[in-house]
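Structure file final_29.tsv (TSV, C-alpha atoms and all ligand atoms) follows.
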```tsv
chain	number	residue	atom	x	y	z
A	1	MET	CA	7.26	-9.13	-23.00
A	2	LEU	CA	7.35	-6.18	-20.59
A	3	ARG	CA	10.84	-4.86	-19.73
A	4	VAL	CA	10.92	-3.25	-16.32
A	5	GLY	CA	13.39	-1.01	-14.50
A	6	ILE	CA	13.23	-1.14	-10.71
A	7	ILE	CA	13.95	2.08	-8.79
A	8	GLY	CA	15.05	1.46	-5.19
A	9	CYS	CA	16.81	-1.59	-3.80
A	10	GLY	CA	15.22	-1.97	-0.39
A	11	LYS	CA	12.94	-4.61	1.11
A	12	ILE	CA	9.91	-4.14	-1.09
A	13	ALA	CA	12.08	-4.47	-4.21
A	14	GLU	CA	13.89	-7.50	-2.79
A	15	LEU	CA	10.93	-9.41	-1.32
A	16	ARG	CA	8.08	-8.53	-3.68
A	17	HIS	CA	8.80	-6.65	-6.92
A	18	ALA	CA	11.96	-8.40	-8.15
A	19	PRO	CA	10.89	-11.99	-7.33
A	20	GLU	CA	7.36	-11.44	-8.65
A	21	TYR	CA	8.65	-10.08	-11.99
A	22	LEU	CA	10.92	-13.13	-12.18
A	23	GLU	CA	7.90	-15.37	-11.63
A	24	ASN	CA	5.86	-13.64	-14.34
A	25	PRO	CA	6.51	-15.22	-17.77
A	26	ASN	CA	5.55	-11.99	-19.55
A	27	ALA	CA	8.01	-9.73	-17.72
A	28	GLU	CA	11.74	-9.22	-17.77
A	29	ILE	CA	13.90	-7.17	-15.39
A	30	ALA	CA	15.98	-4.61	-17.32
A	31	GLY	CA	17.85	-3.44	-14.22
A	32	PHE	CA	18.02	-1.56	-10.95
A	33	TRP	CA	18.83	1.90	-9.66
A	34	CYS	CA	19.64	2.47	-6.00
A	35	TYR	CA	19.76	5.78	-4.15
A	36	GLN	CA	23.44	6.68	-3.45
A	37	ASP	CA	24.51	3.03	-3.78
A	38	VAL	CA	25.52	1.69	-7.22
A	39	PRO	CA	27.15	-1.46	-5.77
A	40	ARG	CA	23.79	-2.39	-4.20
A	41	ALA	CA	22.08	-1.98	-7.59
A	42	GLU	CA	24.82	-4.20	-9.06
A	43	SER	CA	24.22	-6.88	-6.44
A	44	PHE	CA	20.46	-6.82	-7.14
A	45	ALA	CA	21.15	-7.11	-10.89
A	46	LYS	CA	23.44	-10.08	-10.27
A	47	ARG	CA	20.78	-11.76	-8.16
A	48	PHE	CA	17.61	-10.95	-10.14
A	49	GLY	CA	18.86	-10.08	-13.64
A	50	GLY	CA	19.41	-6.97	-15.76
A	51	ARG	CA	22.04	-4.34	-15.03
A	52	ALA	CA	22.76	-1.49	-12.64
A	53	TYR	CA	21.95	2.05	-13.75
A	54	GLU	CA	24.08	4.88	-12.35
A	55	THR	CA	21.33	7.51	-12.52
A	56	VAL	CA	17.53	7.56	-12.73
A	57	LYS	CA	17.91	9.63	-15.90
A	58	ASP	CA	19.89	6.78	-17.51
A	59	MET	CA	17.16	4.33	-16.63
A	60	LEU	CA	14.29	6.52	-17.83
A	61	GLY	CA	16.20	7.27	-21.04
A	62	ASP	CA	16.71	3.59	-21.87
A	63	PRO	CA	14.44	2.98	-24.88
A	64	THR	CA	14.36	-0.78	-24.20
A	65	ILE	CA	12.52	-0.18	-20.89
A	66	ASP	CA	8.69	-0.21	-21.06
A	67	ALA	CA	7.85	0.24	-17.38
A	68	ILE	CA	9.17	1.37	-14.02
A	69	SER	CA	8.59	-0.09	-10.57
A	70	MET	CA	8.92	2.69	-8.03
A	71	CYS	CA	10.28	1.15	-4.81
A	72	ALA	CA	12.24	4.04	-3.27
A	73	ALA	CA	11.41	6.13	-0.18
A	74	ASN	CA	8.14	8.14	-0.20
A	75	THR	CA	9.48	11.60	-1.15
A	76	PHE	CA	11.00	10.12	-4.29
A	77	HIS	CA	7.74	8.77	-5.74
A	78	ALA	CA	6.03	11.81	-7.30
A	79	GLN	CA	8.59	13.53	-9.51
A	80	THR	CA	10.16	10.33	-10.81
A	81	THR	CA	6.73	8.85	-11.59
A	82	VAL	CA	5.69	11.98	-13.50
A	83	ASP	CA	9.01	12.04	-15.41
A	84	ALA	CA	8.71	8.34	-16.25
A	85	LEU	CA	5.12	8.69	-17.52
A	86	LYS	CA	6.12	11.68	-19.65
A	87	MET	CA	8.98	9.64	-21.11
A	88	GLY	CA	6.50	7.00	-22.23
A	89	LYS	CA	6.97	4.47	-19.41
A	90	HIS	CA	4.19	2.74	-17.50
A	91	VAL	CA	4.61	3.00	-13.72
A	92	LEU	CA	3.85	0.74	-10.79
A	93	CYS	CA	4.35	2.97	-7.75
A	94	GLU	CA	4.52	1.82	-4.14
A	95	LYS	CA	2.28	3.34	-1.51
A	96	PRO	CA	1.89	5.97	-0.22
A	97	MET	CA	1.37	7.50	-3.65
A	98	ALA	CA	3.12	10.80	-2.81
A	99	THR	CA	3.67	13.16	0.10
A	100	THR	CA	1.46	16.10	-0.94
A	101	LEU	CA	-2.06	16.16	-2.32
A	102	GLU	CA	-0.88	18.32	-5.24
A	103	ASP	CA	1.71	15.69	-6.19
A	104	CYS	CA	-0.89	12.90	-6.04
A	105	GLN	CA	-3.15	14.96	-8.32
A	106	ARG	CA	-0.22	15.63	-10.69
A	107	MET	CA	0.56	11.91	-10.91
A	108	ALA	CA	-3.06	11.00	-11.67
A	109	ASP	CA	-3.36	13.82	-14.23
A	110	THR	CA	-0.13	12.87	-15.99
A	111	ALA	CA	-1.21	9.24	-16.28
A	112	ARG	CA	-4.50	10.34	-17.84
A	113	GLU	CA	-2.79	12.79	-20.22
A	114	THR	CA	-0.08	10.37	-21.38
A	115	GLY	CA	-2.38	7.36	-21.57
A	116	LYS	CA	0.24	5.28	-19.74
A	117	VAL	CA	-0.67	2.85	-16.96
A	118	LEU	CA	-0.15	4.16	-13.43
A	119	MET	CA	-0.91	1.56	-10.79
A	120	LEU	CA	-0.39	1.76	-7.03
A	121	GLY	CA	0.87	-1.15	-4.93
A	122	HIS	CA	-2.25	-1.46	-2.76
A	123	ASN	CA	-1.86	-5.20	-2.30
A	124	GLN	CA	-4.71	-5.65	0.20
A	125	ARG	CA	-7.11	-5.72	-2.75
A	126	PHE	CA	-5.57	-8.98	-3.93
A	127	ALA	CA	-5.83	-10.92	-0.66
A	128	LYS	CA	-8.24	-13.81	-1.26
A	129	ALA	CA	-10.57	-13.12	1.67
A	130	HIS	CA	-10.89	-9.48	0.63
A	131	VAL	CA	-11.78	-10.48	-2.93
A	132	ALA	CA	-14.34	-13.03	-1.66
A	133	ALA	CA	-15.76	-10.47	0.82
A	134	LYS	CA	-16.33	-7.98	-1.97
A	135	GLU	CA	-18.24	-10.59	-3.95
A	136	MET	CA	-20.36	-11.42	-0.89
A	137	ILE	CA	-21.14	-7.76	-0.24
A	138	LEU	CA	-22.12	-7.29	-3.90
A	139	ALA	CA	-24.31	-10.39	-3.69
A	140	GLY	CA	-26.12	-8.88	-0.68
A	141	ARG	CA	-24.95	-11.54	1.80
A	142	ILE	CA	-24.64	-9.04	4.69
A	143	GLY	CA	-27.47	-6.85	3.46
A	144	ARG	CA	-26.76	-3.13	3.48
A	145	PRO	CA	-23.33	-2.32	5.01
A	146	LEU	CA	-23.79	-0.11	8.08
A	147	SER	CA	-20.44	0.08	9.85
A	148	PHE	CA	-16.88	-1.29	9.92
A	149	ILE	CA	-13.84	-1.72	12.12
A	150	THR	CA	-10.46	-2.12	10.47
A	151	THR	CA	-6.94	-2.32	11.88
A	152	PHE	CA	-3.40	-2.86	10.69
A	153	GLY	CA	-0.60	-3.03	13.21
A	154	HIS	CA	2.79	-4.68	13.57
A	155	PRO	CA	5.91	-4.09	15.65
A	156	GLY	CA	7.18	-1.37	13.32
A	157	PRO	CA	9.15	-0.90	10.07
A	158	GLU	CA	12.46	-1.72	11.77
A	159	GLY	CA	11.36	-5.37	11.88
A	160	TRP	CA	10.81	-5.23	8.11
A	161	THR	CA	13.86	-3.26	6.92
A	162	GLY	CA	16.19	-4.66	9.59
A	163	GLN	CA	17.39	-1.11	10.30
A	164	LYS	CA	16.71	0.33	13.74
A	165	ASN	CA	16.58	3.88	12.46
A	166	SER	CA	15.71	4.18	8.78
A	167	TRP	CA	14.04	6.84	6.61
A	168	PHE	CA	10.65	5.52	7.88
A	169	PHE	CA	11.37	7.41	11.13
A	170	SER	CA	12.30	10.67	9.38
A	171	LYS	CA	9.61	13.25	8.71
A	172	ASP	CA	11.79	14.70	5.92
A	173	ASP	CA	12.00	11.42	3.97
A	174	ALA	CA	8.75	9.64	4.92
A	175	VAL	CA	6.51	12.68	5.67
A	176	PHE	CA	3.92	10.29	7.16
A	177	GLY	CA	4.30	7.90	10.04
A	178	VAL	CA	2.08	4.86	10.41
A	179	LEU	CA	-0.95	6.68	8.96
A	180	GLY	CA	0.62	6.87	5.48
A	181	ASP	CA	2.47	3.59	5.86
A	182	LEU	CA	-0.35	1.28	6.98
A	183	GLY	CA	-3.46	3.50	7.06
A	184	ILE	CA	-3.41	3.96	3.29
A	185	HIS	CA	-3.78	0.18	2.86
A	186	LYS	CA	-6.92	0.07	4.98
A	187	VAL	CA	-8.54	3.19	3.53
A	188	ASP	CA	-8.05	1.75	0.04
A	189	LEU	CA	-9.42	-1.59	1.23
A	190	ILE	CA	-12.59	0.03	2.59
A	191	HIS	CA	-13.07	1.89	-0.70
A	192	TYR	CA	-12.63	-1.40	-2.57
A	193	LEU	CA	-14.97	-3.42	-0.35
A	194	LEU	CA	-17.76	-0.87	-0.08
A	195	ASP	CA	-17.32	0.98	-3.37
A	196	ASP	CA	-18.37	4.02	-1.36
A	197	PRO	CA	-15.78	6.75	-0.73
A	198	ILE	CA	-14.96	8.12	2.71
A	199	VAL	CA	-16.10	11.74	2.90
A	200	SER	CA	-15.42	12.79	6.49
A	201	VAL	CA	-12.81	11.99	9.10
A	202	SER	CA	-11.96	12.74	12.72
A	203	ALA	CA	-8.59	11.51	13.97
A	204	VAL	CA	-6.06	11.40	16.76
A	205	MET	CA	-2.47	10.35	16.35
A	206	ASP	CA	0.62	10.32	18.51
A	207	THR	CA	4.11	8.93	18.96
A	208	LEU	CA	3.63	6.60	21.89
A	209	ASP	CA	6.75	4.46	22.02
A	210	LYS	CA	9.20	4.61	19.12
A	211	THR	CA	12.49	6.38	19.81
A	212	TYR	CA	15.71	7.26	18.00
A	213	PRO	CA	18.92	5.65	19.32
A	214	ASP	CA	19.45	8.67	21.63
A	215	GLY	CA	16.12	7.93	23.37
A	216	THR	CA	14.12	10.87	21.98
A	217	LYS	CA	10.76	10.15	20.35
A	218	ILE	CA	10.67	9.78	16.56
A	219	ASN	CA	9.18	12.78	14.73
A	220	VAL	CA	6.40	10.85	12.94
A	221	GLU	CA	3.38	9.18	14.58
A	222	ASP	CA	3.54	5.50	15.55
A	223	ASN	CA	-0.22	5.19	16.26
A	224	ALA	CA	-3.31	6.69	14.63
A	225	LEU	CA	-7.04	6.30	15.23
A	226	CYS	CA	-9.63	7.53	12.72
A	227	GLN	CA	-13.41	7.75	12.60
A	228	PHE	CA	-14.89	7.75	9.12
A	229	GLU	CA	-18.17	8.39	7.36
A	230	THR	CA	-18.71	7.34	3.74
A	231	LEU	CA	-20.77	9.11	1.09
A	232	GLY	CA	-23.44	6.42	1.52
A	233	GLY	CA	-23.57	6.98	5.30
A	234	VAL	CA	-21.52	3.97	6.50
A	235	LEU	CA	-19.66	4.68	9.78
A	236	GLY	CA	-16.33	3.09	10.64
A	237	THR	CA	-13.12	3.20	12.61
A	238	MET	CA	-9.52	2.49	11.66
A	239	GLN	CA	-6.67	1.90	14.06
A	240	VAL	CA	-3.13	1.65	12.68
A	241	SER	CA	-0.05	1.04	14.76
A	242	TRP	CA	3.67	0.34	14.76
A	243	THR	CA	3.45	-0.84	18.37
A	244	TYR	CA	1.53	-4.12	18.15
A	245	TYR	CA	4.57	-5.88	19.53
A	246	ALA	CA	3.21	-9.35	20.21
A	247	ARG	CA	1.40	-10.16	16.98
A	248	GLU	CA	0.56	-8.49	13.70
A	249	ASP	CA	-3.15	-7.65	13.31
A	250	ASN	CA	-4.49	-7.00	9.83
A	251	SER	CA	-8.19	-7.58	10.41
A	252	THR	CA	-11.42	-5.99	9.22
A	253	ARG	CA	-15.07	-6.43	10.15
A	254	ILE	CA	-17.96	-5.18	8.07
A	255	TYR	CA	-21.36	-5.09	9.79
A	256	GLY	CA	-24.49	-5.09	7.62
A	257	THR	CA	-28.26	-5.26	8.11
A	258	LEU	CA	-28.21	-9.06	7.61
A	259	GLY	CA	-24.85	-10.12	8.97
A	260	THR	CA	-21.16	-9.56	9.63
A	261	LEU	CA	-18.03	-10.31	7.62
A	262	ARG	CA	-14.91	-11.04	9.66
A	263	LEU	CA	-11.73	-10.86	7.60
A	264	TYR	CA	-8.35	-12.10	8.79
A	265	ASP	CA	-9.33	-11.95	12.45
A	266	ASP	CA	-9.30	-15.71	13.06
A	267	PRO	CA	-6.05	-17.74	13.10
A	268	GLU	CA	-7.55	-20.47	10.92
A	269	TYR	CA	-10.31	-18.97	8.79
A	270	SER	CA	-9.53	-15.87	6.74
A	271	LEU	CA	-13.21	-15.15	6.10
A	272	ILE	CA	-16.11	-15.75	8.45
A	273	LEU	CA	-19.64	-14.77	7.49
A	274	GLU	CA	-22.01	-14.59	10.47
A	275	THR	CA	-25.67	-14.07	9.69
A	276	LYS	CA	-28.44	-12.57	11.79
A	277	GLY	CA	-29.98	-16.00	12.42
A	278	GLY	CA	-26.77	-17.28	14.06
A	279	LYS	CA	-25.38	-19.22	11.08
A	280	GLN	CA	-21.65	-19.15	10.37
A	281	GLU	CA	-19.85	-19.80	7.08
A	282	LYS	CA	-16.11	-20.22	7.57
A	283	LEU	CA	-13.62	-20.12	4.70
A	284	ALA	CA	-9.91	-20.91	4.99
A	285	LEU	CA	-8.87	-19.07	1.83
A	286	ASP	CA	-5.38	-17.86	2.68
A	287	LEU	CA	-3.53	-16.26	5.57
A	288	LEU	CA	-1.79	-12.92	5.19
A	289	THR	CA	1.96	-13.35	5.62
A	290	SER	CA	3.23	-11.08	8.38
A	291	ASN	CA	6.30	-8.87	7.95
A	292	LYS	CA	8.19	-11.23	10.23
A	293	GLU	CA	7.33	-14.23	8.05
A	294	GLN	CA	8.21	-12.39	4.84
A	295	THR	CA	11.61	-11.29	6.13
A	296	THR	CA	12.42	-14.80	7.31
A	297	GLY	CA	11.81	-16.48	3.98
A	298	LYS	CA	8.05	-17.15	3.82
A	299	ARG	CA	7.07	-15.36	0.67
A	300	THR	CA	3.74	-15.49	-1.13
A	301	ASN	CA	2.97	-13.81	-4.44
A	302	THR	CA	0.94	-10.63	-3.75
A	303	GLY	CA	-0.67	-10.52	-7.20
A	304	VAL	CA	0.31	-6.84	-7.59
A	305	ILE	CA	3.03	-7.39	-10.19
A	306	ASP	CA	0.90	-9.82	-12.22
A	307	ALA	CA	-1.97	-7.31	-12.25
A	308	PHE	CA	0.35	-4.51	-13.38
A	309	VAL	CA	1.92	-6.59	-16.17
A	310	ASP	CA	-1.56	-7.69	-17.23
A	311	ALA	CA	-2.91	-4.11	-17.26
A	312	VAL	CA	-0.05	-2.93	-19.48
A	313	LEU	CA	-0.02	-5.86	-21.89
A	314	THR	CA	-3.79	-6.17	-22.32
A	315	GLY	CA	-4.65	-2.47	-22.13
A	316	ARG	CA	-7.28	-3.26	-19.48
A	317	ARG	CA	-7.75	-0.48	-16.92
A	318	SER	CA	-5.73	-1.06	-13.75
A	319	ARG	CA	-7.98	-1.62	-10.73
A	320	ILE	CA	-5.85	0.76	-8.64
A	321	ASP	CA	-5.05	3.61	-10.99
A	322	GLY	CA	-4.04	7.18	-10.16
A	323	ASP	CA	-7.60	8.41	-9.69
A	324	GLU	CA	-8.52	5.57	-7.36
A	325	ALA	CA	-5.35	6.05	-5.30
A	326	LEU	CA	-5.99	9.80	-5.14
A	327	LYS	CA	-9.34	9.11	-3.44
A	328	ALA	CA	-7.60	7.14	-0.70
A	329	MET	CA	-4.78	9.67	-0.31
A	330	LYS	CA	-7.35	12.47	0.16
A	331	VAL	CA	-8.54	10.58	3.24
A	332	ILE	CA	-4.98	10.29	4.60
A	333	PHE	CA	-4.29	14.01	4.19
A	334	ALA	CA	-7.68	14.85	5.71
A	335	ALA	CA	-6.91	12.58	8.69
A	336	GLN	CA	-3.61	14.40	9.24
A	337	GLU	CA	-5.47	17.72	9.17
A	338	ALA	CA	-8.22	16.45	11.47
A	339	ALA	CA	-5.66	15.23	14.00
A	340	SER	CA	-3.69	18.47	13.98
A	341	LYS	CA	-6.80	20.70	14.25
A	342	GLY	CA	-8.71	18.41	16.61
A	343	GLN	CA	-11.83	18.63	14.46
A	344	LYS	CA	-13.77	16.70	11.83
A	345	VAL	CA	-12.65	17.33	8.24
A	346	GLN	CA	-14.87	16.91	5.17
A	347	ILE	CA	-13.38	15.38	2.01
A	348	HIS	CA	-14.48	16.34	-1.48
A	349	GLN	CA	-14.57	13.08	-3.48
A	350	VAL	CA	-15.55	13.35	-7.15
A	401	LIG	N1	2.88	-2.33	-0.49
A	401	LIG	C1	3.37	-2.55	0.70
A	401	LIG	O1	2.79	-3.28	1.50
A	401	LIG	C2	4.69	-1.94	1.10
A	401	LIG	C3	5.46	-2.55	2.11
A	401	LIG	C4	6.67	-1.96	2.45
A	401	LIG	C5	7.10	-0.79	1.83
A	401	LIG	N2	6.33	-0.21	0.88
A	401	LIG	C6	6.75	1.05	0.24
A	401	LIG	O2	7.88	0.80	-0.60
A	401	LIG	C7	8.77	1.90	-0.57
A	401	LIG	C8	10.15	1.39	-0.17
A	401	LIG	O3	10.06	0.82	1.13
A	401	LIG	P1	11.02	-0.38	1.62
A	401	LIG	O4	10.25	-1.12	2.63
A	401	LIG	O5	11.60	-1.09	0.48
A	401	LIG	O6	12.14	0.48	2.38
A	401	LIG	P2	13.70	0.22	2.48
A	401	LIG	O7	14.21	1.13	3.54
A	401	LIG	O8	13.99	-1.24	2.61
A	401	LIG	O9	14.24	0.69	1.06
A	401	LIG	C9	14.09	2.04	0.65
A	401	LIG	C10	14.81	2.31	-0.64
A	401	LIG	O10	14.73	3.73	-0.87
A	401	LIG	C11	16.05	4.30	-0.89
A	401	LIG	N3	16.00	5.60	-0.23
A	401	LIG	C12	16.14	5.90	1.06
A	401	LIG	N4	16.03	7.24	1.24
A	401	LIG	C13	15.82	7.76	0.01
A	401	LIG	C14	15.62	9.07	-0.48
A	401	LIG	N5	15.60	10.11	0.34
A	401	LIG	N6	15.40	9.22	-1.80
A	401	LIG	C15	15.40	8.17	-2.63
A	401	LIG	N7	15.59	6.89	-2.22
A	401	LIG	C16	15.80	6.71	-0.92
A	401	LIG	C17	16.95	3.30	-0.17
A	401	LIG	O11	18.28	3.42	-0.63
A	401	LIG	C18	16.30	1.98	-0.59
A	401	LIG	O12	16.73	1.62	-1.89
A	401	LIG	C19	8.17	2.91	0.42
A	401	LIG	O13	7.46	3.91	-0.26
A	401	LIG	C20	7.23	2.07	1.25
A	401	LIG	O14	6.13	2.80	1.80
A	401	LIG	C21	5.15	-0.78	0.48
```
Write out the structure in this file as structure tokens.
Ligand SMILES: NC(=O)c1ccc[n+]([C@@H]2O[C@H](COP(=O)([O-])OP(=O)(O)OC[C@H]3O[C@@H](n4cnc5c(N)ncnc54)[C@H](O)[C@@H]3O)[C@@H](O)[C@H]2O)c1
Amino acid sequence: MLRVGIIGCGKIAELRHAPEYLENPNAEIAGFWCYQDVPRAESFAKRFGGRAYETVKDMLGDPTIDAISMCAANTFHAQTTVDALKMGKHVLCEKPMATTLEDCQRMADTARETGKVLMLGHNQRFAKAHVAAKEMILAGRIGRPLSFITTFGHPGPEGWTGQKNSWFFSKDDAVFGVLGDLGIHKVDLIHYLLDDPIVSVSAVMDTLDKTYPDGTKINVEDNALCQFETLGGVLGTMQVSWTYYAREDNSTRIYGTLGTLRLYDDPEYSLILETKGGKQEKLALDLLTSNKEQTTGKRTNTGVIDAFVDAVLTGRRSRIDGDEALKAMKVIFAAQEAASKGQKVQIHQV
């Protein structure tokens, strides 16, 4: 049995981590810590089990806790993850991994040195159509991948957290805007699907529409567009947005020498394989639940918690460990640099 302490009592803890630990027969919730809000940690403990911890130090020092789920705001991820690993805890950390490249490196290094599991919550890898697409690519169904288009957009984090002006809109607390919030999911997905790291990026990003209550624009970007090249020479684009107001779009297309894979871009079929000769294979595997659906009670198990519990209890390597997440974060930092300099940036991927 894995005993887990959950750090942060926001939406991701409430809608994914806590209920998914409850659903896993091999996990048990030891308790919650909430930033500046002990009563909220108490209410989570009452609802999901365990107890409230007054400080992070208390939680990390609890010898009955085996693992930590890091669900607090972005700037909180790095130091607490490193401390937890050094204190012998396994860590499941939400994306984005950390807010500086040095911190991401430190997290990956500490996991390697301590031998503890560090897994990142890159849940796109568990979506059924993405898993099936990877198998099809490996089986050569689209031939050699040549290019891709991927996008992730929704009406913005305020629809998810229910707060008009949360830490997501603060450069001090979030550091990234939509690029780190949604872009990291798609970069990691491309790495997973192609098994071919992105090594150069050009990007533009801007704050097009989101404002603070006083009407001034938020100080992080709400839209970003990137052009990528992988080590193997695949070219692709990524568009991420907090201003897709009508409908969430979480789709990806991979174009190969023999055909095209269309993922989550059809309302009925989550995977469509179109081949050069005009044949179509349509699979209704699952549909990604939008933020709106998740916050109004339609919850599906992401598979992230089960994979983390499994990695710890079996000793099998986590599919999204510190080194893998570092590769994706390098692309995010390079995209920020490319956008600010207005030039292409090369990425050193080992
Ligand atoms: N995997 C995913 O798809 C996914 C989806 C949403 C959020 N997330 C990530 O989960 C984390 C939490 O996001 P959320 O949606 O639950 O947000 P939220 O606003 O609902 O909750 C944030 C939590 O962090 C705490 N917090 C706020 N500012 C803080 C600070 N400066 N230091 C420490 N804690 C602070 C809040 O008290 C709250 O407990 C973020 O890193 C976010 O990027 C991941």
Please tabulate, as CSV, the residues of chain A that come within 8 Å of ligand LIG 401 (chain A), each with its closest pair of atoms and the distance in Å to one decimal, counting all atoms listed in the file and ordering rows by chain, then residue number upward.
```
residue,atom,partner,partner_atom,distance
A:Ile7,CA,A:LIG401,O12,7.5
A:Gly8,CA,A:LIG401,O12,3.7
A:Cys9,CA,A:LIG401,O12,3.7
A:Gly10,CA,A:LIG401,O9,3.2
A:Lys11,CA,A:LIG401,O5,3.8
A:Ile12,CA,A:LIG401,O5,3.8
A:Ala13,CA,A:LIG401,O5,5.8
A:Glu14,CA,A:LIG401,O5,7.6
A:Cys34,CA,A:LIG401,O12,5.1
A:Tyr35,CA,A:LIG401,O11,4.5
A:Gln36,CA,A:LIG401,O11,6.7
A:Asp37,CA,A:LIG401,O11,7.0
A:Met70,CA,A:LIG401,C7,7.5
A:Cys71,CA,A:LIG401,C7,4.6
A:Ala72,CA,A:LIG401,O10,3.5
A:Ala73,CA,A:LIG401,O10,4.2
A:Asn74,CA,A:LIG401,O13,4.3
A:Thr75,CA,A:LIG401,N6,6.4
A:Phe76,CA,A:LIG401,C15,5.1
A:His77,CA,A:LIG401,O13,7.3
A:Glu94,CA,A:LIG401,C6,5.0
A:Lys95,CA,A:LIG401,O14,5.1
A:Pro96,CA,A:LIG401,O14,5.7
A:Met97,CA,A:LIG401,O13,7.8
A:Gly121,CA,A:LIG401,N1,5.0
A:His122,CA,A:LIG401,N1,5.7
A:Asn123,CA,A:LIG401,N1,5.8
A:Gln124,CA,A:LIG401,O1,8.0
A:Pro157,CA,A:LIG401,O4,7.5
A:Trp160,CA,A:LIG401,O4,6.9
A:Thr161,CA,A:LIG401,O8,4.8
A:Gln163,CA,A:LIG401,O7,7.8
A:Ser166,CA,A:LIG401,O7,6.2
A:Trp167,CA,A:LIG401,N4,5.7
A:Phe168,CA,A:LIG401,O7,7.1
A:Asp173,CA,A:LIG401,N5,5.3
A:Ala174,CA,A:LIG401,O13,7.8
A:Gly180,CA,A:LIG401,O14,7.8
A:Asp181,CA,A:LIG401,O14,5.5
A:Leu182,CA,A:LIG401,O1,7.8
A:His185,CA,A:LIG401,O1,7.5
```
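Between atom CA of Arg317 of chain A and atom CA of Ser69 of chain A the interatomic distance comes to 17.5 Å.
Using only C-alpha atoms, the nearest neighbour of Val201 of chain A within the list A:Gly88, A:Gly303, A:Gly236, A:Gly297 is A:Gly236.
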task = Give me the residues within 8 Å of segment 195-200 of chain A as an NGL selection string, counting all atoms listed in the file and dropping any in the same chain fewer than 6 places off.
result = :A and (228-232 or 327 or 331 or 344-349)
note = Nearest to Leu101 of chain A, restricted to only C-alpha atoms and choosing among A:Ala78, A:Lys298, A:Glu28, A:Val204, comes out as A:Ala78
ask   = Contacts of Thr211 of chain A at 12 Å or less, counting only C-alpha atoms, minus same-chain residues fewer than 5 places along, as a PyMOL selection string?
value = chain A and resi 156+158+164-166+169-170+216-222+242-243
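Of the residues under consideration (A:Met1, A:Leu258, A:Ala67, A:Leu273), A:Ala67 shows the shortest atom-to-atom contact distance to Gly31 of chain A when counting only C-alpha atoms.
Using all atoms listed in the file, the shortest contact distance between Lys46 of chain A and any of A:Phe333, A:Pro145, A:Met59, A:Ala18 is found at A:Ala18.
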request  = Please identify all polymer residues within 12 Å of Pro63 of chain A, counting all atoms listed in the file, omitting same-chain residues fewer than 5 positions from it, and present them as a ChimeraX atom specification.
outcome  = /A:3-5,30,57-58,84,87-89
Taking C-alpha atoms for each residue, export the selection above as a PDB file, in the frame of the given file.
```pdb
ATOM      1  CA  ARG A   3      10.840  -4.860 -19.730  1.00  0.00           C
ATOM      2  CA  VAL A   4      10.920  -3.250 -16.320  1.00  0.00           C
ATOM      3  CA  GLY A   5      13.390  -1.010 -14.500  1.00  0.00           C
ATOM      4  CA  ALA A  30      15.980  -4.610 -17.320  1.00  0.00           C
ATOM      5  CA  LYS A  57      17.910   9.630 -15.900  1.00  0.00           C
ATOM      6  CA  ASP A  58      19.890   6.780 -17.510  1.00  0.00           C
ATOM      7  CA  ALA A  84       8.710   8.340 -16.250  1.00  0.00           C
ATOM      8  CA  MET A  87       8.980   9.640 -21.110  1.00  0.00           C
ATOM      9  CA  GLY A  88       6.500   7.000 -22.230  1.00  0.00           C
ATOM     10  CA  LYS A  89       6.970   4.470 -19.410  1.00  0.00           C
TER      11      LYS A  89
END
```
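Atom CA of Val178 of chain A sits 19.8 Å away from atom CA of Asp103 of chain A.
Considering all atoms listed in the file, the residue among A:Phe148, A:Phe126, A:Phe44, A:Phe308 positioned nearest to Gln227 of chain A is A:Phe148.
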ask   = atom CA of Asn24 of chain A to atom CA of Arg40 of chain A: how many Å, to one decimal?
value = 23.5 Å
Enclosing box along x, y and z for every listed atom of segment 280-285 of chain A, padded 6 Å each side, centre and size in Å, one decimal, as lines of an AutoDock Vina configuration file:
```
center_x = -15.3
center_y = -20.0
center_z = 6.1
size_x = 24.8
size_y = 13.8
size_z = 20.5
```
remark   = Using only C-alpha atoms, the best pick from A:Cys226, A:Leu194, A:Val117, A:Leu15 as closest to Glu337 of chain A would be A:Cys226
request  = Dump as a list in words all residues having an atom at most 12 Å from (-2.8, 10.9, -20.6), computed in the file's coordinates with all atoms listed in the file.
outcome  = Val82, Leu85, Lys86, Met87, Gly88, Lys89, His90, Arg106, Met107, Ala108, Asp109, Thr110, Ala111, Arg112, Glu113, Thr114, Gly115, Lys116, Val117, Leu118 and Gly322 of chain A
